[in-house]
file upload_36.cif (mmCIF, C-alpha atoms and all ligand atoms)
data_target
loop_
_atom_site.group_PDB
_atom_site.id
_atom_site.type_symbol
_atom_site.label_atom_id
_atom_site.label_comp_id
_atom_site.auth_asym_id
_atom_site.auth_seq_id
_atom_site.Cartn_x
_atom_site.Cartn_y
_atom_site.Cartn_z
ATOM 1 C CA MET A 1 -23.216 3.142 9.639
ATOM 2 C CA SER A 2 -24.300 0.601 7.032
ATOM 3 C CA ARG A 3 -21.707 -1.654 5.403
ATOM 4 C CA LEU A 4 -22.396 0.151 2.140
ATOM 5 C CA ASP A 5 -21.607 3.526 3.724
ATOM 6 C CA SER A 6 -18.508 2.065 5.337
ATOM 7 C CA PHE A 7 -17.330 0.600 2.014
ATOM 8 C CA ILE A 8 -17.848 3.915 0.214
ATOM 9 C CA ARG A 9 -15.905 5.798 2.884
ATOM 10 C CA ARG A 10 -13.078 3.301 2.657
ATOM 11 C CA MET A 11 -12.846 3.650 -1.124
ATOM 12 C CA GLN A 12 -12.887 7.455 -0.821
ATOM 13 C CA ALA A 13 -10.188 7.293 1.860
ATOM 14 C CA GLN A 14 -7.987 5.106 -0.343
ATOM 15 C CA ARG A 15 -8.372 7.453 -3.309
ATOM 16 C CA ASP A 16 -7.854 10.650 -1.306
ATOM 17 C CA CYS A 17 -4.842 9.249 0.582
ATOM 18 C CA LEU A 18 -3.281 7.938 -2.624
ATOM 19 C CA ASN A 19 -3.737 11.295 -4.348
ATOM 20 C CA ALA A 20 -2.239 13.148 -1.369
ATOM 21 C CA ALA A 21 0.700 10.731 -1.171
ATOM 22 C CA VAL A 22 1.425 10.981 -4.900
ATOM 23 C CA ALA A 23 1.422 14.784 -4.658
ATOM 24 C CA ALA A 24 3.597 14.730 -1.517
ATOM 25 C CA VAL A 25 6.332 12.527 -2.941
ATOM 26 C CA GLY A 26 6.335 14.504 -6.201
ATOM 27 C CA ASP A 27 9.579 13.832 -8.032
ATOM 28 C CA LEU A 28 11.250 11.910 -5.198
ATOM 29 C CA PRO A 29 13.207 9.187 -7.020
ATOM 30 C CA GLY A 30 12.215 5.589 -6.429
ATOM 31 C CA VAL A 31 9.721 2.871 -7.136
ATOM 32 C CA ALA A 32 6.268 2.251 -5.638
ATOM 33 C CA PHE A 33 4.957 -0.819 -3.806
ATOM 34 C CA GLU A 34 1.359 -2.058 -3.780
ATOM 35 C CA LEU A 35 0.834 -4.681 -1.055
ATOM 36 C CA GLY A 36 -2.355 -6.599 -1.847
ATOM 37 C CA LEU A 37 -3.558 -6.438 -5.459
ATOM 38 C CA GLY A 38 -7.097 -7.659 -4.724
ATOM 39 C CA ASN A 39 -9.380 -6.571 -7.525
ATOM 40 C CA GLY A 40 -6.716 -4.173 -8.800
ATOM 41 C CA ARG A 41 -8.657 -0.964 -8.187
ATOM 42 C CA THR A 42 -6.037 0.877 -6.157
ATOM 43 C CA TYR A 43 -3.245 -0.501 -8.367
ATOM 44 C CA ASP A 44 -5.082 0.929 -11.388
ATOM 45 C CA HIS A 45 -5.292 4.301 -9.623
ATOM 46 C CA MET A 46 -1.578 4.177 -8.823
ATOM 47 C CA CYS A 47 -0.750 3.415 -12.475
ATOM 48 C CA GLU A 48 -2.913 6.322 -13.583
ATOM 49 C CA THR A 49 -1.503 8.826 -11.088
ATOM 50 C CA MET A 50 2.142 7.680 -11.301
ATOM 51 C CA PRO A 51 2.644 6.872 -14.996
ATOM 52 C CA ASN A 52 6.408 7.337 -14.777
ATOM 53 C CA ARG A 53 7.056 5.284 -11.656
ATOM 54 C CA GLU A 54 7.726 1.551 -11.596
ATOM 55 C CA ILE A 55 5.160 -0.171 -9.395
ATOM 56 C CA TYR A 56 5.830 -3.559 -7.782
ATOM 57 C CA VAL A 57 2.777 -5.506 -6.650
ATOM 58 C CA PHE A 58 2.750 -8.136 -3.902
ATOM 59 C CA GLU A 59 -0.051 -10.683 -3.837
ATOM 60 C CA ARG A 60 -0.397 -14.307 -2.784
ATOM 61 C CA GLN A 61 -3.230 -15.206 -5.174
ATOM 62 C CA VAL A 62 -4.046 -13.091 -8.200
ATOM 63 C CA ALA A 63 -7.765 -12.556 -8.763
ATOM 64 C CA ALA A 64 -7.725 -9.075 -10.274
ATOM 65 C CA HIS A 65 -9.441 -7.656 -13.320
ATOM 66 C CA PRO A 66 -7.309 -8.807 -16.310
ATOM 67 C CA MET A 67 -6.582 -5.183 -17.229
ATOM 68 C CA ASN A 68 -4.950 -4.646 -13.847
ATOM 69 C CA ILE A 69 -2.534 -7.551 -13.598
ATOM 70 C CA PRO A 70 1.074 -6.341 -13.678
ATOM 71 C CA ASP A 71 3.663 -7.956 -15.918
ATOM 72 C CA ASP A 72 5.725 -10.784 -14.458
ATOM 73 C CA ASP A 73 8.665 -8.490 -13.657
ATOM 74 C CA HIS A 74 6.461 -6.334 -11.418
ATOM 75 C CA LEU A 75 4.326 -9.007 -9.769
ATOM 76 C CA VAL A 76 5.763 -10.592 -6.627
ATOM 77 C CA LEU A 77 3.728 -13.724 -5.981
ATOM 78 C CA GLY A 78 3.558 -15.373 -2.582
ATOM 79 C CA ASP A 79 2.860 -14.690 1.056
ATOM 80 C CA ILE A 80 3.997 -11.182 1.929
ATOM 81 C CA LEU A 81 5.989 -12.436 4.917
ATOM 82 C CA GLU A 82 8.032 -14.600 2.552
ATOM 83 C CA THR A 83 8.390 -12.135 -0.343
ATOM 84 C CA LEU A 84 8.761 -8.749 1.388
ATOM 85 C CA PRO A 85 12.020 -9.492 3.273
ATOM 86 C CA GLU A 86 13.854 -10.119 -0.018
ATOM 87 C CA ALA A 87 12.205 -7.113 -1.683
ATOM 88 C CA ALA A 88 13.109 -4.887 1.272
ATOM 89 C CA GLU A 89 16.719 -5.906 0.844
ATOM 90 C CA ARG A 90 16.643 -5.417 -2.942
ATOM 91 C CA PHE A 91 14.938 -2.008 -2.740
ATOM 92 C CA GLU A 92 16.387 -0.808 0.555
ATOM 93 C CA GLY A 93 15.801 2.960 0.807
ATOM 94 C CA GLU A 94 14.408 3.107 -2.746
ATOM 95 C CA VAL A 95 10.635 3.035 -2.332
ATOM 96 C CA ALA A 96 9.066 6.478 -2.694
ATOM 97 C CA LEU A 97 5.446 5.438 -2.100
ATOM 98 C CA ALA A 98 3.868 2.306 -0.682
ATOM 99 C CA HIS A 99 0.233 1.370 -0.257
ATOM 100 C CA THR A 100 -0.631 -1.573 1.929
ATOM 101 C CA ASP A 101 -4.113 -3.054 1.871
ATOM 102 C CA LEU A 102 -3.697 -6.663 2.964
ATOM 103 C CA GLY A 103 -6.986 -6.762 4.824
ATOM 104 C CA THR A 104 -8.728 -10.070 5.205
ATOM 105 C CA GLY A 105 -11.730 -8.743 7.116
ATOM 106 C CA ILE A 106 -10.499 -10.002 10.508
ATOM 107 C CA LYS A 107 -9.204 -7.032 12.507
ATOM 108 C CA ALA A 108 -6.872 -8.949 14.842
ATOM 109 C CA ASP A 109 -5.277 -10.810 11.914
ATOM 110 C CA ASN A 110 -4.848 -7.568 9.972
ATOM 111 C CA GLU A 111 -3.174 -5.862 12.933
ATOM 112 C CA LYS A 112 -0.835 -8.803 13.503
ATOM 113 C CA LEU A 113 0.198 -8.870 9.830
ATOM 114 C CA ALA A 114 0.656 -5.070 9.756
ATOM 115 C CA ALA A 115 2.983 -5.288 12.770
ATOM 116 C CA GLN A 116 5.119 -7.828 10.883
ATOM 117 C CA VAL A 117 5.087 -5.851 7.649
ATOM 118 C CA ALA A 118 5.978 -2.509 9.306
ATOM 119 C CA PRO A 119 9.738 -3.052 9.881
ATOM 120 C CA LEU A 120 10.161 -4.526 6.401
ATOM 121 C CA LEU A 121 8.480 -1.529 4.813
ATOM 122 C CA TRP A 122 10.589 0.759 6.980
ATOM 123 C CA ARG A 123 13.719 -0.785 5.505
ATOM 124 C CA ALA A 124 12.442 -0.447 1.932
ATOM 125 C CA MET A 125 11.221 3.143 2.166
ATOM 126 C CA ALA A 126 13.251 6.087 0.925
ATOM 127 C CA SER A 127 13.833 9.030 3.210
ATOM 128 C CA GLY A 128 10.873 11.307 2.464
ATOM 129 C CA GLY A 129 8.813 8.376 1.181
ATOM 130 C CA VAL A 130 5.145 8.013 2.122
ATOM 131 C CA VAL A 131 3.253 4.895 3.193
ATOM 132 C CA ILE A 132 -0.507 4.699 3.312
ATOM 133 C CA SER A 133 -2.073 1.741 5.041
ATOM 134 C CA GLY A 134 -5.400 0.259 5.947
ATOM 135 C CA ASP A 135 -3.937 -0.719 9.319
ATOM 136 C CA ALA A 136 -1.617 0.995 11.787
ATOM 137 C CA LEU A 137 2.087 0.263 11.228
ATOM 138 C CA PRO A 138 3.497 0.235 14.747
ATOM 139 C CA GLY A 139 6.946 0.113 16.223
ATOM 140 C CA THR A 140 9.102 2.172 13.903
ATOM 141 C CA GLY A 141 10.142 5.796 13.501
ATOM 142 C CA TRP A 142 7.449 7.038 11.165
ATOM 143 C CA GLU A 143 6.355 10.671 11.157
ATOM 144 C CA PRO A 144 2.761 11.601 10.375
ATOM 145 C CA GLY A 145 2.296 11.741 6.602
ATOM 146 C CA PRO A 146 0.144 13.985 4.409
ATOM 147 C CA ARG A 147 -3.361 13.176 5.624
ATOM 148 C CA PRO A 148 -6.230 14.611 3.558
ATOM 149 C CA GLU A 149 -8.776 16.511 5.663
ATOM 150 C CA SER A 150 -11.498 14.266 4.251
ATOM 151 C CA VAL A 151 -10.016 11.153 5.929
ATOM 152 C CA ALA A 152 -10.484 10.453 9.651
ATOM 153 C CA PRO A 153 -7.272 9.332 11.442
ATOM 154 C CA GLU A 154 -8.450 5.797 12.213
ATOM 155 C CA ARG A 155 -9.942 5.177 8.767
ATOM 156 C CA TYR A 156 -6.636 5.143 6.900
ATOM 157 C CA PHE A 157 -3.089 5.521 8.192
ATOM 158 C CA VAL A 158 -0.535 7.831 6.569
ATOM 159 C CA TYR A 159 3.175 7.837 7.395
ATOM 160 C CA ARG A 160 6.334 9.478 6.140
ATOM 161 C CA LYS A 161 9.830 8.117 6.686
ATOM 162 C CA PRO A 162 11.992 11.028 7.883
HETATM 163 C C1 LIG B 201 -8.555 -5.968 0.412
HETATM 164 S S1 LIG B 201 -7.681 -6.790 -0.861
HETATM 165 C C2 LIG B 201 -6.834 -5.490 -1.704
HETATM 166 C C3 LIG B 201 -7.794 -4.646 -2.527
HETATM 167 C C4 LIG B 201 -7.112 -3.690 -3.469
HETATM 168 N N1 LIG B 201 -6.547 -2.546 -2.727
HETATM 169 C C5 LIG B 201 -8.045 -3.191 -4.524
HETATM 170 O O1 LIG B 201 -8.200 -1.971 -4.680
HETATM 171 O O2 LIG B 201 -8.658 -4.019 -5.231
HETATM 172 C C6 LIG B 201 -6.400 -7.592 0.037
HETATM 173 C C7 LIG B 201 -5.496 -8.465 -0.816
HETATM 174 O O3 LIG B 201 -4.351 -8.798 -0.032
HETATM 175 C C8 LIG B 201 -3.978 -10.126 -0.287
HETATM 176 N N2 LIG B 201 -3.285 -10.637 0.897
HETATM 177 C C9 LIG B 201 -3.769 -10.737 2.157
HETATM 178 N N3 LIG B 201 -2.864 -11.271 2.981
HETATM 179 C C10 LIG B 201 -1.762 -11.512 2.236
HETATM 180 C C11 LIG B 201 -0.488 -12.083 2.512
HETATM 181 N N4 LIG B 201 -0.174 -12.523 3.754
HETATM 182 N N5 LIG B 201 0.406 -12.165 1.509
HETATM 183 C C12 LIG B 201 0.094 -11.735 0.265
HETATM 184 N N6 LIG B 201 -1.103 -11.202 -0.085
HETATM 185 C C13 LIG B 201 -2.024 -11.106 0.894
HETATM 186 C C14 LIG B 201 -5.294 -10.859 -0.534
HETATM 187 O O4 LIG B 201 -5.072 -12.018 -1.327
HETATM 188 C C15 LIG B 201 -6.134 -9.790 -1.234
HETATM 189 O O5 LIG B 201 -6.061 -9.941 -2.634
#
call {"tool": "encode", "arguments": {"input": "upload_36.cif", "output": "structure tokens"}}
result
Amino acid sequence: MSRLDSFIRRMQAQRDCLNAAVAAVGDLPGVAFELGLGNGRTYDHMCETMPNREIYVFERQVAAHPMNIPDDDHLVLGDILETLPEAAERFEGEVALAHTDLGTGIKADNEKLAAQVAPLLWRAMASGGVVISGDALPGTGWEPGPRPESVAPERYFVYRKP
């Protein structure tokens, strides 16, 4: 598969998983987390599909489209391993939907970071909340989440906290 095909599939997987997660959490109370603002594409989609939910964005270096930079109250700047522990305590059990896309392009590094992020996200998530992730989130009690048929299991990971 060419890199272009792979990129397109990844974008489609992000959109389809986000749409499925938004539908699955429905009116479940709580905020949303976006881990990794990047260009701001998925954040923009989250804002559009969850207009009534507060969305907190975690990023170590903002380089997004100016239209997609959250206000200061919703932007958590710094390395995720330094910022997420405090956020997990502040929002313990209050996050209805989280998307994590912290990918750097190096698979081993991504997997290592995801393993460190997983227990922190577990603490933050509400019961019934859904996490979608570019990498597997091992070592906790997740159930399978609402996976769209269009998305292969290893392309994007979908979890629900029971
Ligand atoms: C692949 S991009 C996210 C793309 C985004 N989903 C979009 O649609 O534009 C990954 C982002 O995660 C951020 N990131 C990676 N590792 C991080 C870390 N340890 N702490 C905070 N941010 C991190 C990078 O700076 C980068 O902006």
call {"tool": "residues_around", "arguments": {"input": "upload_36.cif", "residues": "Arg41 (chain A)", "least_positions_apart": "4", "cutoff": "9 Å", "atoms": "all atoms listed in the file", "output": "NGL selection string"}}
result
:A and (37 or 45-46 or 64-65 or 68)
call {"tool": "closest_residue", "arguments": {"input": "upload_36.cif", "among": "A:Pro162, A:Pro148, A:Gly36, A:Gly93", "to": "ligand LIG 201 (chain B)", "atoms": "only C-alpha atoms and all ligand atoms"}}
result
A:Gly36
call {"tool": "residues_near_ligand", "arguments": {"input": "upload_36.cif", "ligand": "ligand LIG 201 (chain B)", "cutoff": "10 Å", "atoms": "all atoms listed in the file", "output": "JSON, numbers by chain"}}
result
{"A": [11, 14, 15, 34, 35, 36, 37, 38, 39, 40, 41, 42, 43, 44, 45, 46, 57, 58, 59, 60, 61, 62, 63, 64, 65, 68, 76, 77, 78, 79, 80, 81, 82, 83, 84, 99, 100, 101, 102, 103, 104, 105, 109, 110, 113, 114, 117, 133, 134]}
call {"tool": "closest_residue", "arguments": {"input": "upload_36.cif", "among": "A:Asn52, A:Ser2, A:Thr140, A:Gln12", "to": "Asp27 (chain A)", "atoms": "all atoms listed in the file"}}
result
A:Asn52
call {"tool": "atom_distance", "arguments": {"input": "upload_36.cif", "atom1": "CA of Val130 (chain A)", "atom2": "CA of Leu4 (chain A)"}}
result
28.6 Å
call {"tool": "atom_distance", "arguments": {"input": "upload_36.cif", "atom1": "CA of Met1 (chain A)", "atom2": "CA of Glu149 (chain A)"}}
result
20.1 Å
call {"tool": "closest_residue", "arguments": {"input": "upload_36.cif", "among": "A:Arg155, A:Arg90, A:His74, A:Arg123", "to": "Ala136 (chain A)", "atoms": "all atoms listed in the file"}}
result
A:Arg155
